[in-house]
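Student: Structure below; questions to follow.
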Amino acid sequence: MAKNILPMRFRVLHYASQKDSFNYSDVLRDLKEEYGTDGQFKKSMILSHLNSLRAVGMIEEVAVDFDEAKELLVQYKITKYGRVRLNYLPNEWK
């Protein structure tokens with residue numbers, strides 16, 4: 001049975017729970033098959049979702065570097081609080 005698609009922000013949180021650390025580029029690459037046709041599936045919206053999740057304490061920064069284009073590249077990981085919030089996802093996503 002196929003999983004229902006989650007709203008993007010919740011899917012990013014779920015994605016974070018599956019990784020030791022990740023950045024926006026990882027999200028874009030790994031979720032492209034699921035969300036590639038969604039209008040909000042672009043760098044600016046993924047960064048917005050990441051900033052929102054960080055602001056409420058569900059993910060945290062673990063490293064900051066620059067990518068090949070000399071743009072800031074932030075690595076994140078899920079927090080304990082973020083893991084607790086996963087309990088609110090539909091059962092098929094737990």
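In the structure tokens, chains take letters A, B, ... by order of appearance, with residues numbered from 1 within each chain and ligands from 1 in the order shown.
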So that I can see what lies close to A:Lys94, please list as JSON, numbers by chain the residues with an atom at most 12 Å from it, counting only C-alpha atoms and leaving out residues fewer than 2 positions away in the same chain.
Tutor: {"A": [3, 10, 11, 13, 14, 15, 17, 18, 83, 84, 85, 86, 87, 88, 89, 90, 91, 92]}
Student: As a ChimeraX atom specification, list the residues of chain A assigned to alpha helix (DSSP H) by DSSP on the backbone atoms of this structure.
Tutor: /A:8-17,24-30,32-35,43-55,80-85
Student: With DSSP run on the backbone, what are the strand (DSSP E or B) residues within chain A? I'd like them as a compact mmCIF listing (two decimals) with N, CA and C atoms, in the first residue's frame.
Tutor:
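Result went into states.txt, see below:
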# COMPACT_ATOMS: atom_id res chain seq x y z
N PHE A 22 21.81 16.28 7.36
CA PHE A 22 21.39 16.54 5.98
C PHE A 22 21.41 18.04 5.73
N ILE A 59 14.57 20.83 14.50
CA ILE A 59 15.87 20.46 13.94
C ILE A 59 16.88 21.48 14.45
N GLU A 60 18.15 21.13 14.36
CA GLU A 60 19.20 22.05 14.78
C GLU A 60 20.36 21.99 13.80
N GLU A 61 21.11 23.07 13.75
CA GLU A 61 22.30 23.13 12.90
C GLU A 61 23.41 22.31 13.55
N VAL A 62 24.14 21.56 12.72
CA VAL A 62 25.27 20.80 13.24
C VAL A 62 26.58 21.19 12.58
N ALA A 63 26.50 21.83 11.41
CA ALA A 63 27.71 22.28 10.71
C ALA A 63 27.31 23.31 9.67
N VAL A 64 28.25 24.18 9.37
CA VAL A 64 28.04 25.20 8.34
C VAL A 64 29.29 25.22 7.46
N ASP A 65 29.07 25.22 6.16
CA ASP A 65 30.17 25.23 5.21
C ASP A 65 29.71 25.99 3.97
N PHE A 66 30.53 25.99 2.95
CA PHE A 66 30.17 26.60 1.68
C PHE A 66 30.13 25.52 0.61
N LEU A 72 26.31 29.47 1.35
CA LEU A 72 26.26 28.84 2.66
C LEU A 72 25.51 27.52 2.59
N LEU A 73 26.07 26.49 3.18
CA LEU A 73 25.46 25.17 3.20
C LEU A 73 25.40 24.70 4.65
N VAL A 74 24.19 24.66 5.20
CA VAL A 74 23.98 24.30 6.60
C VAL A 74 23.57 22.84 6.70
N GLN A 75 24.23 22.11 7.58
CA GLN A 75 23.86 20.73 7.88
C GLN A 75 22.96 20.75 9.11
N TYR A 76 21.90 19.96 9.08
CA TYR A 76 20.94 19.89 10.18
C TYR A 76 20.81 18.47 10.68
N LYS A 77 20.24 18.34 11.87
CA LYS A 77 19.82 17.03 12.38
C LYS A 77 18.56 17.26 13.21
N ILE A 78 17.77 16.21 13.35
CA ILE A 78 16.54 16.30 14.13
C ILE A 78 16.89 16.36 15.62
Student: Could you list, as number ranges by chain, every residue within 10 Å of A:Phe41, counting only C-alpha atoms and ignoring same-chain residues fewer than 2 positions away?
Tutor: A: 8, 27-28, 31-32, 34-39, 43-46
Student: Output C-alpha atoms of each residue in that selection to a file, as a compact mmCIF listing (two decimals), in the first residue's frame.
Tutor:
# COMPACT_ATOMS: atom_id res chain seq x y z
CA MET A 8 6.07 19.23 2.70
CA VAL A 27 16.24 17.06 0.64
CA LEU A 28 15.87 18.26 -2.95
CA LEU A 31 12.45 13.82 -2.20
CA LYS A 32 12.36 14.74 -5.88
CA GLU A 34 7.76 12.27 -4.28
CA TYR A 35 7.42 16.05 -4.58
CA GLY A 36 9.17 17.04 -7.82
CA THR A 37 5.96 18.23 -9.47
CA ASP A 38 4.80 20.23 -6.44
CA GLY A 39 5.10 23.99 -7.00
CA LYS A 43 15.32 25.57 -2.98
CA SER A 44 13.70 28.70 -1.52
CA MET A 45 10.75 26.78 -0.06
CA ILE A 46 12.89 23.96 1.31
Student: From the options A:Glu33, A:Tyr24, A:Val12, A:Gly57, which residue's atoms come nearest to A:Glu71, counting only C-alpha atoms?
Tutor: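 The answer is A:Tyr24, which sits nearest to A:Glu71.
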